[in-house]
Amino acid sequence: MIDLDIAEVARRSGVPASALRFYEEKGLIASTGRRGLRRLFDPGVLERLALIALGRVAGFSLDEIAQMFAPDGRLRVERERLTAKADELDRTIQRLGAMRDGLRHAAACSAPSHMECPHFRRIVRLAGAGRLDPPAPRAPRRRRST
């Protein structure tokens, strides 16, 4: 197949050229050369960009996604990492579900003001105690040396 220039990759993938250059700088994708001033990419980059997009949607950082590719470019995802991310998503869903329910209650509550609603005050106390904060960003895992 013929290599695709950066504009065509951007068009087909929906990833802006600036992001493609950034991904290349981070080592997530690699160009195969240039045609004039335009970077060229193997058509297989489209699948790799789709995998990167999936990782981003799942909440993985770009550094975490980069670690999921072997030096030869093949995908190598540790199943334990996927399980840990799924567990993290479960906790986020639970926290967001509780927040959604609290907001719906506050919107429909018959108390004269939100601060007179015991349920809303409980949410405020939890937030003040840091128990409704979004999860802290995880530090990148360090590779074990062999």
# chains A, B, ... in the order shown; residues from 1 in each chain; ligands from 1

$ closest_atom_pairs --of "segment 73-104 of chain A" --to "segment 49-63 of chain A" --cutoff "9 Å" --atoms "only C-alpha atoms" --output "Markdown table"
| residue | atom | partner | partner_atom | distance |
| --- | --- | --- | --- | --- |
| A:Leu75 | CA | A:Leu51 | CA | 8.9 |
| A:Lys85 | CA | A:Ala58 | CA | 7.7 |
| A:Ala86 | CA | A:Ala58 | CA | 8.5 |
| A:Leu89 | CA | A:Ala58 | CA | 8.2 |

$ write_last_selection --atoms "N, CA, C and O atoms" --output "tab-separated table (two decimals), in the first residue's frame"
chain	number	residue	atom	x	y	z
A	75	LEU	N	0.78	-4.63	19.86
A	75	LEU	CA	0.08	-4.35	21.10
A	75	LEU	C	0.41	-5.42	22.12
A	75	LEU	O	0.39	-6.61	21.83
A	85	LYS	N	-7.84	-0.90	35.64
A	85	LYS	CA	-8.55	0.24	35.05
A	85	LYS	C	-10.06	0.03	35.14
A	85	LYS	O	-10.82	0.96	35.43
A	86	ALA	N	-10.52	-1.20	34.91
A	86	ALA	CA	-11.95	-1.49	35.02
A	86	ALA	C	-12.43	-1.26	36.45
A	86	ALA	O	-13.51	-0.70	36.67
A	89	LEU	N	-12.70	2.42	36.98
A	89	LEU	CA	-13.91	2.93	36.33
A	89	LEU	C	-15.16	2.60	37.15
A	89	LEU	O	-16.08	3.42	37.25

$ select_by_dssp --residues "segment 3-112 of chain A" --states "strand (DSSP E or B)" --output "list in words"
Leu4, Asp5, Gly33, Arg34, Arg35, Arg38, Arg39, Leu40, Phe41, Phe69 and Leu75 of chain A

$ write_last_selection --atoms "N, CA and C atoms" --output "PDB file, in the first residue's frame"
ATOM      1  N   LEU A   4       0.487   7.205   3.540  1.00  0.00           N
ATOM      2  CA  LEU A   4      -0.458   8.318   3.606  1.00  0.00           C
ATOM      3  C   LEU A   4       0.254   9.548   4.142  1.00  0.00           C
ATOM      4  N   ASP A   5      -0.046  10.706   3.567  1.00  0.00           N
ATOM      5  CA  ASP A   5       0.563  11.910   4.133  1.00  0.00           C
ATOM      6  C   ASP A   5      -0.240  12.330   5.361  1.00  0.00           C
ATOM      7  N   GLY A  33       8.678   8.646   6.552  1.00  0.00           N
ATOM      8  CA  GLY A  33       9.491   9.550   5.737  1.00  0.00           C
ATOM      9  C   GLY A  33       8.724  10.825   5.461  1.00  0.00           C
ATOM     10  N   ARG A  34       9.144  11.488   4.383  1.00  0.00           N
ATOM     11  CA  ARG A  34       8.496  12.749   4.008  1.00  0.00           C
ATOM     12  C   ARG A  34       8.313  12.814   2.508  1.00  0.00           C
ATOM     13  N   ARG A  35       7.273  13.520   2.139  1.00  0.00           N
ATOM     14  CA  ARG A  35       7.058  13.900   0.743  1.00  0.00           C
ATOM     15  C   ARG A  35       7.009  15.419   0.781  1.00  0.00           C
ATOM     16  N   ARG A  38       5.699  17.274   4.060  1.00  0.00           N
ATOM     17  CA  ARG A  38       4.667  16.493   4.749  1.00  0.00           C
ATOM     18  C   ARG A  38       5.192  15.139   5.208  1.00  0.00           C
ATOM     19  N   ARG A  39       4.875  14.824   6.456  1.00  0.00           N
ATOM     20  CA  ARG A  39       5.216  13.505   6.992  1.00  0.00           C
ATOM     21  C   ARG A  39       4.372  12.445   6.286  1.00  0.00           C
ATOM     22  N   LEU A  40       4.956  11.269   6.124  1.00  0.00           N
ATOM     23  CA  LEU A  40       4.252  10.125   5.545  1.00  0.00           C
ATOM     24  C   LEU A  40       4.113   9.041   6.608  1.00  0.00           C
ATOM     25  N   PHE A  41       3.004   8.312   6.556  1.00  0.00           N
ATOM     26  CA  PHE A  41       2.737   7.248   7.509  1.00  0.00           C
ATOM     27  C   PHE A  41       2.270   6.005   6.780  1.00  0.00           C
ATOM     28  N   PHE A  69       2.593  -0.837  23.885  1.00  0.00           N
ATOM     29  CA  PHE A  69       3.114  -1.269  22.595  1.00  0.00           C
ATOM     30  C   PHE A  69       4.528  -1.796  22.784  1.00  0.00           C
ATOM     31  N   LEU A  75       0.783  -4.634  19.858  1.00  0.00           N
ATOM     32  CA  LEU A  75       0.075  -4.353  21.097  1.00  0.00           C
ATOM     33  C   LEU A  75       0.408  -5.419  22.122  1.00  0.00           C
TER      34      LEU A  75
END

$ residues_around --residues "Val15 of chain A" --least-positions-apart "5" --cutoff "12 Å" --atoms "only C-alpha atoms" --output "number ranges by chain"
A: 6-10, 20-23, 45-46, 48-50, 52-53

$ residues_around --residues "Met68 of chain A" --least-positions-apart "5" --cutoff "8 Å" --atoms "only C-alpha atoms" --output "VMD selection string"
chain A and resid 75 to 78

$ select_by_dssp --residues "chain A" --states "helix (DSSP H, G or I)" --output "PyMOL selection string"
chain A and resi 6-13+17-25+45-58+62-66+79-108+114-116+118-128

$ atom_distance --atom1 "atom CA of His105 of chain A" --atom2 "atom CA of Phe120 of chain A"
7.9 Å

$ closest_residue --among "A:Ala127, A:Leu96, A:Ile65, A:Ile2" --to "Leu82 of chain A" --atoms "only C-alpha atoms"
A:Ile65

$ closest_residue --among "A:Arg74, A:Glu24, A:Glu64, A:Ser113" --to "Gly44 of chain A" --atoms "only C-alpha atoms"
A:Arg74

$ closest_residue --among "A:Glu80, A:Asp3, A:Gln67, A:Gly73" --to "Asp42 of chain A" --atoms "only C-alpha atoms"
A:Asp3

$ residues_around --residues "Arg131 of chain A" --least-positions-apart "6" --cutoff "12 Å" --atoms "only C-alpha atoms" --output "ChimeraX atom specification"
/A:92,95-96,98-99,122-125

$ write_last_selection --atoms "N, CA, C and O atoms" --output "PDB file, in the first residue's frame"
ATOM      1  N   THR A  92     -15.362   5.125  39.843  1.00  0.00           N
ATOM      2  CA  THR A  92     -15.773   6.419  39.284  1.00  0.00           C
ATOM      3  C   THR A  92     -17.263   6.420  38.971  1.00  0.00           C
ATOM      4  O   THR A  92     -17.971   7.381  39.284  1.00  0.00           O
ATOM      5  N   ARG A  95     -19.179   6.712  42.216  1.00  0.00           N
ATOM      6  CA  ARG A  95     -19.096   8.067  42.769  1.00  0.00           C
ATOM      7  C   ARG A  95     -19.969   9.027  41.961  1.00  0.00           C
ATOM      8  O   ARG A  95     -20.716   9.825  42.523  1.00  0.00           O
ATOM      9  N   LEU A  96     -19.891   8.931  40.630  1.00  0.00           N
ATOM     10  CA  LEU A  96     -20.690   9.817  39.786  1.00  0.00           C
ATOM     11  C   LEU A  96     -22.186   9.512  39.905  1.00  0.00           C
ATOM     12  O   LEU A  96     -23.017  10.427  39.864  1.00  0.00           O
ATOM     13  N   ALA A  98     -23.693   8.413  42.600  1.00  0.00           N
ATOM     14  CA  ALA A  98     -24.118   9.005  43.874  1.00  0.00           C
ATOM     15  C   ALA A  98     -24.261  10.520  43.726  1.00  0.00           C
ATOM     16  O   ALA A  98     -25.222  11.115  44.244  1.00  0.00           O
ATOM     17  N   MET A  99     -23.329  11.148  43.005  1.00  0.00           N
ATOM     18  CA  MET A  99     -23.415  12.596  42.796  1.00  0.00           C
ATOM     19  C   MET A  99     -24.656  12.938  41.969  1.00  0.00           C
ATOM     20  O   MET A  99     -25.390  13.879  42.289  1.00  0.00           O
ATOM     21  N   ARG A 122     -25.319  16.740  53.561  1.00  0.00           N
ATOM     22  CA  ARG A 122     -24.435  15.566  53.636  1.00  0.00           C
ATOM     23  C   ARG A 122     -23.454  15.572  52.462  1.00  0.00           C
ATOM     24  O   ARG A 122     -22.258  15.314  52.624  1.00  0.00           O
ATOM     25  N   ILE A 123     -23.942  15.893  51.260  1.00  0.00           N
ATOM     26  CA  ILE A 123     -23.082  15.955  50.085  1.00  0.00           C
ATOM     27  C   ILE A 123     -22.017  17.044  50.276  1.00  0.00           C
ATOM     28  O   ILE A 123     -20.844  16.842  49.959  1.00  0.00           O
ATOM     29  N   VAL A 124     -22.435  18.181  50.815  1.00  0.00           N
ATOM     30  CA  VAL A 124     -21.490  19.276  51.054  1.00  0.00           C
ATOM     31  C   VAL A 124     -20.407  18.827  52.040  1.00  0.00           C
ATOM     32  O   VAL A 124     -19.219  19.084  51.841  1.00  0.00           O
ATOM     33  N   ARG A 125     -20.807  18.120  53.115  1.00  0.00           N
ATOM     34  CA  ARG A 125     -19.820  17.629  54.105  1.00  0.00           C
ATOM     35  C   ARG A 125     -18.843  16.644  53.453  1.00  0.00           C
ATOM     36  O   ARG A 125     -17.645  16.703  53.691  1.00  0.00           O
TER      37      ARG A 125
END

$ atom_distance --atom1 "atom CA of Ser31 of chain A" --atom2 "atom CA of Pro16 of chain A"
15.1 Å
